[in-house]
Structures are given as structure tokens and as C-alpha cells.
Amino acid sequence: MTFPSHAALTKAELLDRYAKGDRNFEQTHLHDVDMQGVSLHGIDLSESILTHVNLSGADLRGADLGWADLSRANLEKADLRGAILTRADLSFANLQGANLLKADLSLTKIDHTKFSGATMPDGSIHD
């Protein structure tokens with residue numbers, strides 16, 4: 001199923017497609033959506049617009065979030081182990097207590113990002 005560039009999806013649409021086995025949500029637009037605690041292990045949200053999305057406590061292990069706009073997103077205590085965040089925009093995002101072990105943060109924009117208590121890609125805990 002092909003969607004136009006940056007297709008706007010509701011939480012219900014995304015979760016329904018994910019439950020049916022779809023993992024490709026590249027260039028999706030979710031703005032100001034509450035996705036707290038959802039399990040989206042291995043999802044491809046690369047190049048997506050995810051501003052102000054609440055993904056606190058979400059399971060995003062192995063997710064592809066490369067080039068995604070996650071500015072002002074809430075990723076507090078999210079599980080991002082092994083996630084691809086290359087060139088993502090995490091400006092003003094909350095990653096307090098998140099698990100970023102082995103995540104790829106290369107060239108990621110982290111202006112004013114909150115990392116307090118987060119497990120960083122190398123296993124260290126951010127203070």
C-alpha cells in the first residue's frame with residue numbers, strides 16, 4: 001500500500017496497520033499524538049514528521065527514525081535500543097530515562113534535548 005509523501009495517519013490507523021504486520025511508515029505525519037507505551041518494535045518511521053508526539057515508555061527497539069523530525073517529542077523512558085536516529089531532529093525533545101544503547105545518533109540534532117538519566121549508545125548513563 002503506497003501513501004503520498006508525509007501522509008497524515010491517526011494513531012488508530014498506524015496501530016491497525018502495524019498489528020497486521022506493516023512496518024513501513026516512511027514519511028508519515030503524526031503531530032501532537034499520544035502514543036504513550038505503544039510497542040512499535042522495528043518500525044520504519046524514517047523521514048517522518050513526529051513533532052510533539054508523546055512516545056514516552058514506547059518500545060522502539062530497532063526502529064528506523066533516520067531523518068525524522070522528533071522536535072519537542074516526548075520519548076521519556078522509551079526503549080530505543082538499536083534504533084537508527086541518523087540525522088533526526090531531536091531539538092527540545094525529552095529523552096530522560098530513555099534507553100539508547102547501541103542506537104545510532106550520528107549527525108542527530110540535539111539542541112536543548114533532555115537526556116538526564118538516559119542510557120547512552122555506549123552504555124553510559126547521562127547525568
# chains A, B, ... in the order shown; residues from 1 in each chain; ligands from 1
>>> residues_around(residues="Thr113 in chain A", least_positions_apart="6", cutoff="8 Å", atoms="only C-alpha atoms", output="ChimeraX atom specification")
/A:90-95
>>> residues_around(residues="Ile43 in chain A", least_positions_apart="4", cutoff="10 Å", atoms="only C-alpha atoms", output="list in words")
Tyr18, Gly21, Asp22, Arg23, Asn24, Phe25, Glu26, Ser39, Asp59, Leu60, Arg61, Gly62, Ala63, Asp64, Leu65 and Ala83 of chain A
>>> write_last_selection(atoms="all heavy atoms", output="tab-separated table (two decimals), in the first residue's frame")
chain	number	residue	atom	x	y	z
A	18	TYR	N	0.16	-1.66	11.79
A	18	TYR	CA	1.29	-2.30	12.46
A	18	TYR	C	0.88	-3.69	12.95
A	18	TYR	O	1.62	-4.65	12.79
A	18	TYR	CB	1.78	-1.43	13.63
A	18	TYR	CG	3.01	-1.98	14.30
A	18	TYR	CD1	4.28	-1.64	13.85
A	18	TYR	CD2	2.91	-2.85	15.39
A	18	TYR	CE1	5.42	-2.15	14.47
A	18	TYR	CE2	4.04	-3.37	16.00
A	18	TYR	CZ	5.28	-3.00	15.53
A	18	TYR	OH	6.41	-3.52	16.13
A	21	GLY	N	1.07	-6.38	10.50
A	21	GLY	CA	2.39	-6.73	10.01
A	21	GLY	C	3.11	-5.67	9.21
A	21	GLY	O	4.26	-5.86	8.82
A	22	ASP	N	2.46	-4.55	8.94
A	22	ASP	CA	3.12	-3.47	8.19
A	22	ASP	C	4.12	-2.78	9.10
A	22	ASP	O	3.80	-2.45	10.24
A	22	ASP	CB	2.06	-2.46	7.70
A	22	ASP	CG	2.61	-1.47	6.68
A	22	ASP	OD1	3.83	-1.50	6.39
A	22	ASP	OD2	1.82	-0.65	6.18
A	23	ARG	N	5.33	-2.60	8.63
A	23	ARG	CA	6.37	-1.90	9.39
A	23	ARG	C	6.86	-0.66	8.66
A	23	ARG	O	7.62	0.11	9.19
A	23	ARG	CB	7.56	-2.83	9.68
A	23	ARG	CG	7.24	-4.06	10.54
A	23	ARG	CD	6.78	-3.65	11.92
A	23	ARG	NE	6.47	-4.79	12.77
A	23	ARG	CZ	5.26	-5.31	12.93
A	23	ARG	NH1	4.22	-4.80	12.28
A	23	ARG	NH2	5.06	-6.33	13.75
A	24	ASN	N	6.42	-0.45	7.42
A	24	ASN	CA	6.90	0.67	6.62
A	24	ASN	C	5.96	1.87	6.73
A	24	ASN	O	4.90	1.89	6.11
A	24	ASN	CB	7.07	0.26	5.15
A	24	ASN	CG	7.68	1.37	4.32
A	24	ASN	OD1	8.12	2.39	4.85
A	24	ASN	ND2	7.71	1.19	3.02
A	25	PHE	N	6.39	2.83	7.52
A	25	PHE	CA	5.63	4.06	7.70
A	25	PHE	C	6.51	5.27	7.36
A	25	PHE	O	6.38	6.33	7.94
A	25	PHE	CB	5.10	4.16	9.13
A	25	PHE	CG	4.10	3.08	9.46
A	25	PHE	CD1	4.51	1.86	9.97
A	25	PHE	CD2	2.76	3.29	9.24
A	25	PHE	CE1	3.60	0.86	10.27
A	25	PHE	CE2	1.83	2.29	9.52
A	25	PHE	CZ	2.25	1.09	10.04
A	26	GLU	N	7.41	5.07	6.41
A	26	GLU	CA	8.31	6.13	5.98
A	26	GLU	C	7.50	7.33	5.52
A	26	GLU	O	6.48	7.20	4.85
A	26	GLU	CB	9.17	5.58	4.83
A	26	GLU	CG	10.22	6.54	4.35
A	26	GLU	CD	11.08	5.91	3.25
A	26	GLU	OE1	11.10	4.67	3.12
A	26	GLU	OE2	11.72	6.68	2.54
A	39	SER	N	3.95	-0.42	21.51
A	39	SER	CA	5.03	-1.28	21.06
A	39	SER	C	5.13	-1.17	19.55
A	39	SER	O	4.23	-1.60	18.83
A	39	SER	CB	4.78	-2.73	21.48
A	39	SER	OG	5.85	-3.54	21.01
A	59	ASP	N	8.06	1.15	23.03
A	59	ASP	CA	9.07	0.19	22.61
A	59	ASP	C	9.40	0.49	21.15
A	59	ASP	O	8.63	0.17	20.26
A	59	ASP	CB	8.54	-1.24	22.74
A	59	ASP	CG	9.54	-2.30	22.29
A	59	ASP	OD1	10.64	-1.94	21.81
A	59	ASP	OD2	9.22	-3.49	22.42
A	60	LEU	N	10.54	1.13	20.95
A	60	LEU	CA	11.00	1.49	19.61
A	60	LEU	C	12.34	0.81	19.31
A	60	LEU	O	13.15	1.33	18.55
A	60	LEU	CB	11.13	3.02	19.49
A	60	LEU	CG	9.81	3.78	19.62
A	60	LEU	CD1	10.06	5.26	19.88
A	60	LEU	CD2	8.97	3.59	18.38
A	61	ARG	N	12.54	-0.37	19.88
A	61	ARG	CA	13.79	-1.10	19.64
A	61	ARG	C	13.93	-1.38	18.15
A	61	ARG	O	13.01	-1.87	17.50
A	61	ARG	CB	13.80	-2.43	20.40
A	61	ARG	CG	13.95	-2.27	21.89
A	61	ARG	CD	13.83	-3.61	22.60
A	61	ARG	NE	12.44	-4.06	22.48
A	61	ARG	CZ	12.08	-5.33	22.49
A	61	ARG	NH1	12.98	-6.29	22.62
A	61	ARG	NH2	10.81	-5.66	22.38
A	62	GLY	N	15.11	-1.05	17.63
A	62	GLY	CA	15.41	-1.32	16.23
A	62	GLY	C	14.63	-0.46	15.24
A	62	GLY	O	14.65	-0.73	14.04
A	63	ALA	N	13.95	0.56	15.71
A	63	ALA	CA	13.18	1.42	14.82
A	63	ALA	C	14.10	2.26	13.94
A	63	ALA	O	15.19	2.64	14.34
A	63	ALA	CB	12.28	2.35	15.63
A	64	ASP	N	13.64	2.55	12.73
A	64	ASP	CA	14.36	3.45	11.83
A	64	ASP	C	13.68	4.82	11.92
A	64	ASP	O	12.57	5.02	11.43
A	64	ASP	CB	14.33	2.94	10.39
A	64	ASP	CG	15.20	3.78	9.46
A	64	ASP	OD1	15.63	4.90	9.85
A	64	ASP	OD2	15.44	3.33	8.32
A	65	LEU	N	14.37	5.75	12.59
A	65	LEU	CA	13.89	7.11	12.75
A	65	LEU	C	14.85	8.09	12.08
A	65	LEU	O	14.88	9.27	12.42
A	65	LEU	CB	13.74	7.44	14.24
A	65	LEU	CG	12.70	6.57	14.99
A	65	LEU	CD1	12.92	6.63	16.48
A	65	LEU	CD2	11.30	7.00	14.62
A	83	ALA	N	18.07	1.61	17.79
A	83	ALA	CA	17.32	2.45	16.85
A	83	ALA	C	18.26	3.28	15.98
A	83	ALA	O	19.35	3.65	16.40
A	83	ALA	CB	16.36	3.37	17.60
>>> residues_around(residues="Leu75 in chain A", least_positions_apart="2", cutoff="8 Å", atoms="only C-alpha atoms", output="list in words")
Asn54, Leu55, Ser56, Gly57, Ala58, Ala73, Lys77, Ala78, Ala93, Asn94, Leu95, Gln96 and Ala98 of chain A
>>> write_last_selection(atoms="N, CA, C and O atoms", output="JSON list (two decimals), in the first residue's frame")
[["chain", "number", "residue", "atom", "x", "y", "z"],
["A", 54, "ASN", "N", 3.82, 12.11, 21.82],
["A", 54, "ASN", "CA", 4.15, 11.51, 23.10],
["A", 54, "ASN", "C", 4.43, 10.02, 22.90],
["A", 54, "ASN", "O", 3.51, 9.23, 22.69],
["A", 55, "LEU", "N", 5.71, 9.67, 22.93],
["A", 55, "LEU", "CA", 6.14, 8.27, 22.80],
["A", 55, "LEU", "C", 6.80, 7.81, 24.10],
["A", 55, "LEU", "O", 7.64, 6.92, 24.09],
["A", 56, "SER", "N", 6.40, 8.42, 25.21],
["A", 56, "SER", "CA", 7.01, 8.04, 26.48],
["A", 56, "SER", "C", 6.70, 6.57, 26.78],
["A", 56, "SER", "O", 5.58, 6.10, 26.58],
["A", 57, "GLY", "N", 7.74, 5.86, 27.20],
["A", 57, "GLY", "CA", 7.59, 4.45, 27.53],
["A", 57, "GLY", "C", 7.36, 3.53, 26.34],
["A", 57, "GLY", "O", 7.09, 2.35, 26.51],
["A", 58, "ALA", "N", 7.46, 4.05, 25.13],
["A", 58, "ALA", "CA", 7.21, 3.25, 23.92],
["A", 58, "ALA", "C", 8.38, 2.29, 23.65],
["A", 58, "ALA", "O", 9.52, 2.57, 23.98],
["A", 73, "ALA", "N", 9.30, 16.13, 20.82],
["A", 73, "ALA", "CA", 8.65, 14.84, 21.13],
["A", 73, "ALA", "C", 8.99, 14.41, 22.55],
["A", 73, "ALA", "O", 10.06, 14.73, 23.07],
["A", 77, "LYS", "N", 11.74, 7.63, 28.94],
["A", 77, "LYS", "CA", 11.74, 6.19, 29.27],
["A", 77, "LYS", "C", 11.39, 5.30, 28.07],
["A", 77, "LYS", "O", 11.01, 4.15, 28.24],
["A", 78, "ALA", "N", 11.54, 5.81, 26.86],
["A", 78, "ALA", "CA", 11.31, 4.99, 25.66],
["A", 78, "ALA", "C", 12.48, 4.02, 25.48],
["A", 78, "ALA", "O", 13.61, 4.32, 25.85],
["A", 93, "ALA", "N", 13.50, 17.77, 22.48],
["A", 93, "ALA", "CA", 12.83, 16.51, 22.81],
["A", 93, "ALA", "C", 13.20, 16.08, 24.23],
["A", 93, "ALA", "O", 14.25, 16.45, 24.76],
["A", 94, "ASN", "N", 12.35, 15.28, 24.83],
["A", 94, "ASN", "CA", 12.58, 14.75, 26.17],
["A", 94, "ASN", "C", 12.95, 13.28, 26.04],
["A", 94, "ASN", "O", 12.11, 12.45, 25.70],
["A", 95, "LEU", "N", 14.22, 12.96, 26.31],
["A", 95, "LEU", "CA", 14.69, 11.57, 26.31],
["A", 95, "LEU", "C", 15.17, 11.16, 27.70],
["A", 95, "LEU", "O", 15.99, 10.27, 27.84],
["A", 96, "GLN", "N", 14.64, 11.80, 28.73],
["A", 96, "GLN", "CA", 15.03, 11.47, 30.09],
["A", 96, "GLN", "C", 14.68, 10.02, 30.41],
["A", 96, "GLN", "O", 13.56, 9.58, 30.18],
["A", 98, "ALA", "N", 15.49, 7.43, 28.85],
["A", 98, "ALA", "CA", 15.35, 6.57, 27.65],
["A", 98, "ALA", "C", 16.54, 5.61, 27.56],
["A", 98, "ALA", "O", 17.62, 5.90, 28.05]]
>>> closest_residue(among="A:Ser48, A:Asn99, A:Thr10, A:Gln36", to="Ala68 in chain A", atoms="only C-alpha atoms")
A:Ser48
>>> closest_residue(among="A:Leu40, A:Glu47, A:Lys114, A:Ser106", to="Leu80 in chain A", atoms="only C-alpha atoms")
A:Leu40
>>> residues_around(residues="Leu9 in chain A", least_positions_apart="3", cutoff="8 Å", atoms="only C-alpha atoms", output="PDB file with all heavy atoms, in the first residue's frame")
ATOM      1  N   GLU A  13      -5.053   4.219  12.894  1.00  0.00           N
ATOM      2  CA  GLU A  13      -4.644   3.709  11.581  1.00  0.00           C
ATOM      3  C   GLU A  13      -3.250   3.100  11.651  1.00  0.00           C
ATOM      4  O   GLU A  13      -3.006   2.011  11.128  1.00  0.00           O
ATOM      5  CB  GLU A  13      -4.665   4.826  10.538  1.00  0.00           C
ATOM      6  CG  GLU A  13      -6.047   5.307  10.161  1.00  0.00           C
ATOM      7  CD  GLU A  13      -6.015   6.598   9.344  1.00  0.00           C
ATOM      8  OE1 GLU A  13      -5.060   7.394   9.457  1.00  0.00           O
ATOM      9  OE2 GLU A  13      -6.982   6.803   8.588  1.00  0.00           O
ATOM     10  N   LEU A  14      -2.330   3.798  12.297  1.00  0.00           N
ATOM     11  CA  LEU A  14      -0.960   3.306  12.401  1.00  0.00           C
ATOM     12  C   LEU A  14      -0.927   1.997  13.183  1.00  0.00           C
ATOM     13  O   LEU A  14      -0.325   1.020  12.733  1.00  0.00           O
ATOM     14  CB  LEU A  14      -0.060   4.351  13.064  1.00  0.00           C
ATOM     15  CG  LEU A  14       1.420   3.978  13.113  1.00  0.00           C
ATOM     16  CD1 LEU A  14       2.275   5.203  12.865  1.00  0.00           C
ATOM     17  CD2 LEU A  14       1.801   3.343  14.418  1.00  0.00           C
ATOM     18  N   THR A  28       5.661   9.403   7.226  1.00  0.00           N
ATOM     19  CA  THR A  28       4.358   9.561   7.868  1.00  0.00           C
ATOM     20  C   THR A  28       4.325  10.877   8.640  1.00  0.00           C
ATOM     21  O   THR A  28       5.350  11.350   9.122  1.00  0.00           O
ATOM     22  CB  THR A  28       4.104   8.382   8.837  1.00  0.00           C
ATOM     23  OG1 THR A  28       3.987   7.199   8.058  1.00  0.00           O
ATOM     24  CG2 THR A  28       2.858   8.575   9.658  1.00  0.00           C
ATOM     25  N   HIS A  29       3.163  11.450   8.771  1.00  0.00           N
ATOM     26  CA  HIS A  29       2.990  12.670   9.549  1.00  0.00           C
ATOM     27  C   HIS A  29       2.070  12.394  10.731  1.00  0.00           C
ATOM     28  O   HIS A  29       0.893  12.112  10.548  1.00  0.00           O
ATOM     29  CB  HIS A  29       2.402  13.777   8.665  1.00  0.00           C
ATOM     30  CG  HIS A  29       2.291  15.093   9.375  1.00  0.00           C
ATOM     31  ND1 HIS A  29       1.587  16.139   8.871  1.00  0.00           N
ATOM     32  CD2 HIS A  29       2.784  15.538  10.544  1.00  0.00           C
ATOM     33  CE1 HIS A  29       1.649  17.171   9.697  1.00  0.00           C
ATOM     34  NE2 HIS A  29       2.365  16.810  10.720  1.00  0.00           N
ATOM     35  N   LEU A  30       2.665  12.431  11.918  1.00  0.00           N
ATOM     36  CA  LEU A  30       1.905  12.336  13.170  1.00  0.00           C
ATOM     37  C   LEU A  30       2.276  13.559  13.979  1.00  0.00           C
ATOM     38  O   LEU A  30       3.437  13.764  14.291  1.00  0.00           O
ATOM     39  CB  LEU A  30       2.297  11.085  13.966  1.00  0.00           C
ATOM     40  CG  LEU A  30       1.853   9.735  13.482  1.00  0.00           C
ATOM     41  CD1 LEU A  30       2.568   8.639  14.262  1.00  0.00           C
ATOM     42  CD2 LEU A  30       0.358   9.583  13.641  1.00  0.00           C
TER      43      LEU A  30
END
>>> select_by_dssp(residues="chain A", states="strand (DSSP E or B)", output="short mmCIF file (atom, residue, chain, number, x, y, z; two decimals) with all heavy atoms, in the first residue's frame")
data_model
loop_
_atom_site.label_atom_id
_atom_site.label_comp_id
_atom_site.auth_asym_id
_atom_site.auth_seq_id
_atom_site.Cartn_x
_atom_site.Cartn_y
_atom_site.Cartn_z
N ALA A 7 2.08 11.35 4.49
CA ALA A 7 0.67 11.07 4.70
C ALA A 7 0.34 11.18 6.19
O ALA A 7 1.05 10.63 7.02
CB ALA A 7 0.33 9.67 4.20
N ALA A 8 -0.71 11.89 6.50
CA ALA A 8 -1.15 12.03 7.88
C ALA A 8 -1.90 10.77 8.28
O ALA A 8 -2.80 10.33 7.57
CB ALA A 8 -2.02 13.27 8.03
N ASN A 24 6.42 -0.45 7.42
CA ASN A 24 6.90 0.67 6.62
C ASN A 24 5.96 1.87 6.73
O ASN A 24 4.90 1.89 6.11
CB ASN A 24 7.07 0.26 5.15
CG ASN A 24 7.68 1.37 4.32
OD1 ASN A 24 8.12 2.39 4.85
ND2 ASN A 24 7.71 1.19 3.02
N THR A 28 5.66 9.40 7.23
CA THR A 28 4.36 9.56 7.87
C THR A 28 4.33 10.88 8.64
O THR A 28 5.35 11.35 9.12
CB THR A 28 4.10 8.38 8.84
OG1 THR A 28 3.99 7.20 8.06
CG2 THR A 28 2.86 8.57 9.66
N HIS A 29 3.16 11.45 8.77
CA HIS A 29 2.99 12.67 9.55
C HIS A 29 2.07 12.39 10.73
O HIS A 29 0.89 12.11 10.55
CB HIS A 29 2.40 13.78 8.67
CG HIS A 29 2.29 15.09 9.37
ND1 HIS A 29 1.59 16.14 8.87
CD2 HIS A 29 2.78 15.54 10.54
CE1 HIS A 29 1.65 17.17 9.70
NE2 HIS A 29 2.36 16.81 10.72
N ASP A 34 -0.83 11.08 21.11
CA ASP A 34 -0.42 10.36 22.30
C ASP A 34 -0.21 8.89 21.96
O ASP A 34 -1.16 8.15 21.73
CB ASP A 34 -1.47 10.49 23.40
CG ASP A 34 -1.00 9.87 24.72
OD1 ASP A 34 0.13 9.32 24.78
OD2 ASP A 34 -1.76 9.94 25.70
N SER A 39 3.95 -0.42 21.51
CA SER A 39 5.03 -1.28 21.06
C SER A 39 5.13 -1.17 19.55
O SER A 39 4.23 -1.60 18.83
CB SER A 39 4.78 -2.73 21.48
OG SER A 39 5.85 -3.54 21.01
N ASP A 44 9.58 1.40 10.69
CA ASP A 44 10.32 2.35 9.86
C ASP A 44 9.51 3.65 9.80
O ASP A 44 8.50 3.73 9.11
CB ASP A 44 10.53 1.81 8.45
CG ASP A 44 11.31 2.76 7.54
OD1 ASP A 44 11.61 3.91 7.96
OD2 ASP A 44 11.62 2.37 6.41
N ILE A 49 7.40 13.11 10.12
CA ILE A 49 7.20 14.30 10.94
C ILE A 49 6.46 13.85 12.19
O ILE A 49 5.29 13.44 12.11
CB ILE A 49 6.43 15.39 10.18
CG1 ILE A 49 7.21 15.81 8.93
CG2 ILE A 49 6.14 16.58 11.09
CD1 ILE A 49 6.44 16.70 7.98
N ASN A 54 3.82 12.11 21.82
CA ASN A 54 4.15 11.51 23.10
C ASN A 54 4.43 10.02 22.90
O ASN A 54 3.51 9.23 22.69
CB ASN A 54 2.99 11.69 24.10
CG ASN A 54 3.31 11.06 25.45
OD1 ASN A 54 4.44 10.67 25.73
ND2 ASN A 54 2.31 10.97 26.30
N ASP A 59 8.06 1.15 23.03
CA ASP A 59 9.07 0.19 22.61
C ASP A 59 9.40 0.49 21.15
O ASP A 59 8.63 0.17 20.26
CB ASP A 59 8.54 -1.24 22.74
CG ASP A 59 9.54 -2.30 22.29
OD1 ASP A 59 10.64 -1.94 21.81
OD2 ASP A 59 9.22 -3.49 22.42
N ASP A 64 13.64 2.55 12.73
CA ASP A 64 14.36 3.45 11.83
C ASP A 64 13.68 4.82 11.92
O ASP A 64 12.57 5.02 11.43
CB ASP A 64 14.33 2.94 10.39
CG ASP A 64 15.20 3.78 9.46
OD1 ASP A 64 15.63 4.90 9.85
OD2 ASP A 64 15.44 3.33 8.32
N ASP A 69 11.67 14.12 12.03
CA ASP A 69 11.54 15.33 12.84
C ASP A 69 10.82 14.95 14.13
O ASP A 69 9.61 14.76 14.15
CB ASP A 69 10.75 16.41 12.09
CG ASP A 69 10.66 17.72 12.86
OD1 ASP A 69 11.09 17.76 14.04
OD2 ASP A 69 10.15 18.70 12.29
N ASN A 74 8.09 13.67 23.16
CA ASN A 74 8.33 13.11 24.49
C ASN A 74 8.69 11.65 24.33
O ASN A 74 7.84 10.82 23.99
CB ASN A 74 7.09 13.27 25.37
CG ASN A 74 7.33 12.76 26.78
OD1 ASN A 74 8.45 12.38 27.14
ND2 ASN A 74 6.30 12.74 27.60
N ASP A 79 12.20 2.86 24.93
CA ASP A 79 13.23 1.86 24.64
C ASP A 79 13.64 2.04 23.19
O ASP A 79 12.92 1.66 22.27
CB ASP A 79 12.69 0.46 24.90
CG ASP A 79 13.78 -0.60 24.86
OD1 ASP A 79 14.91 -0.29 24.40
OD2 ASP A 79 13.51 -1.73 25.29
N ILE A 84 17.81 3.57 14.79
CA ILE A 84 18.55 4.43 13.87
C ILE A 84 17.96 5.83 13.98
O ILE A 84 16.79 6.05 13.67
CB ILE A 84 18.44 3.92 12.42
CG1 ILE A 84 19.01 2.52 12.32
CG2 ILE A 84 19.13 4.89 11.46
CD1 ILE A 84 18.65 1.81 11.02
N ASP A 89 15.97 15.04 13.96
CA ASP A 89 15.91 16.29 14.71
C ASP A 89 15.26 16.00 16.06
O ASP A 89 14.06 15.75 16.13
CB ASP A 89 15.09 17.33 13.93
CG ASP A 89 15.08 18.69 14.62
OD1 ASP A 89 15.59 18.81 15.76
OD2 ASP A 89 14.54 19.65 14.01
N ASN A 94 12.35 15.28 24.83
CA ASN A 94 12.58 14.75 26.17
C ASN A 94 12.95 13.28 26.04
O ASN A 94 12.11 12.45 25.70
CB ASN A 94 11.33 14.91 27.02
CG ASN A 94 11.50 14.34 28.42
OD1 ASN A 94 12.58 13.91 28.81
ND2 ASN A 94 10.42 14.31 29.18
N ASN A 99 16.34 4.49 26.89
CA ASN A 99 17.42 3.54 26.67
C ASN A 99 17.86 3.64 25.21
O ASN A 99 17.13 3.24 24.31
CB ASN A 99 16.96 2.12 26.98
CG ASN A 99 18.12 1.13 27.00
OD1 ASN A 99 19.18 1.41 26.46
ND2 ASN A 99 17.90 -0.02 27.60
N ASP A 104 22.03 4.62 16.89
CA ASP A 104 22.88 5.43 16.02
C ASP A 104 22.39 6.87 16.06
O ASP A 104 21.34 7.20 15.52
CB ASP A 104 22.82 4.89 14.58
CG ASP A 104 23.77 5.63 13.65
OD1 ASP A 104 24.37 6.65 14.05
OD2 ASP A 104 23.92 5.17 12.50
N LYS A 109 20.45 16.08 15.44
CA LYS A 109 20.33 17.42 16.00
C LYS A 109 19.78 17.29 17.42
O LYS A 109 18.66 16.80 17.61
CB LYS A 109 19.41 18.29 15.14
CG LYS A 109 19.37 19.73 15.55
CD LYS A 109 18.55 20.55 14.57
CE LYS A 109 18.54 22.00 14.99
NZ LYS A 109 17.72 22.82 14.09
N LYS A 114 16.72 16.87 26.33
CA LYS A 114 16.88 16.43 27.72
C LYS A 114 17.26 14.95 27.73
O LYS A 114 16.48 14.11 27.29
CB LYS A 114 15.58 16.64 28.48
CG LYS A 114 15.16 18.08 28.59
CD LYS A 114 13.81 18.18 29.27
CE LYS A 114 13.31 19.61 29.26
NZ LYS A 114 11.93 19.70 29.78
N THR A 119 20.24 6.06 29.14
CA THR A 119 21.35 5.16 28.82
C THR A 119 21.79 5.51 27.41
O THR A 119 21.00 5.42 26.46
CB THR A 119 20.91 3.68 28.88
OG1 THR A 119 20.41 3.41 30.19
CG2 THR A 119 22.07 2.76 28.54
N ILE A 125 25.45 6.24 31.50
CA ILE A 125 24.23 6.92 31.92
C ILE A 125 24.49 8.43 31.91
O ILE A 125 25.43 8.91 32.51
CB ILE A 125 23.79 6.49 33.34
CG1 ILE A 125 23.64 4.97 33.44
CG2 ILE A 125 22.49 7.20 33.73
CD1 ILE A 125 22.57 4.37 32.55
#
>>> closest_residue(among="A:Leu70, A:Leu100, A:Ala118, A:Leu105", to="Thr86 in chain A", atoms="only C-alpha atoms")
A:Leu105
>>> select_by_dssp(residues="range 9-104 of chain A", states="helix (DSSP H, G or I)", output="number ranges by chain")
A: 11-19
>>> closest_residue(among="A:Gly82, A:Gly66, A:Leu15, A:Asp111", to="Met35 in chain A", atoms="only C-alpha atoms")
A:Leu15
>>> atom_distance(atom1="CA of Arg81 in chain A", atom2="CA of Ala103 in chain A")
5.6 Å
>>> closest_residue(among="A:Val53, A:Val33, A:Leu107, A:Leu101", to="His126 in chain A", atoms="only C-alpha atoms")
A:Leu101
>>> atom_distance(atom1="CA of Thr108 in chain A", atom2="CA of Gly42 in chain A")
19.3 Å
>>> atom_distance(atom1="CA of Lys102 in chain A", atom2="CA of Asp32 in chain A")
27.6 Å
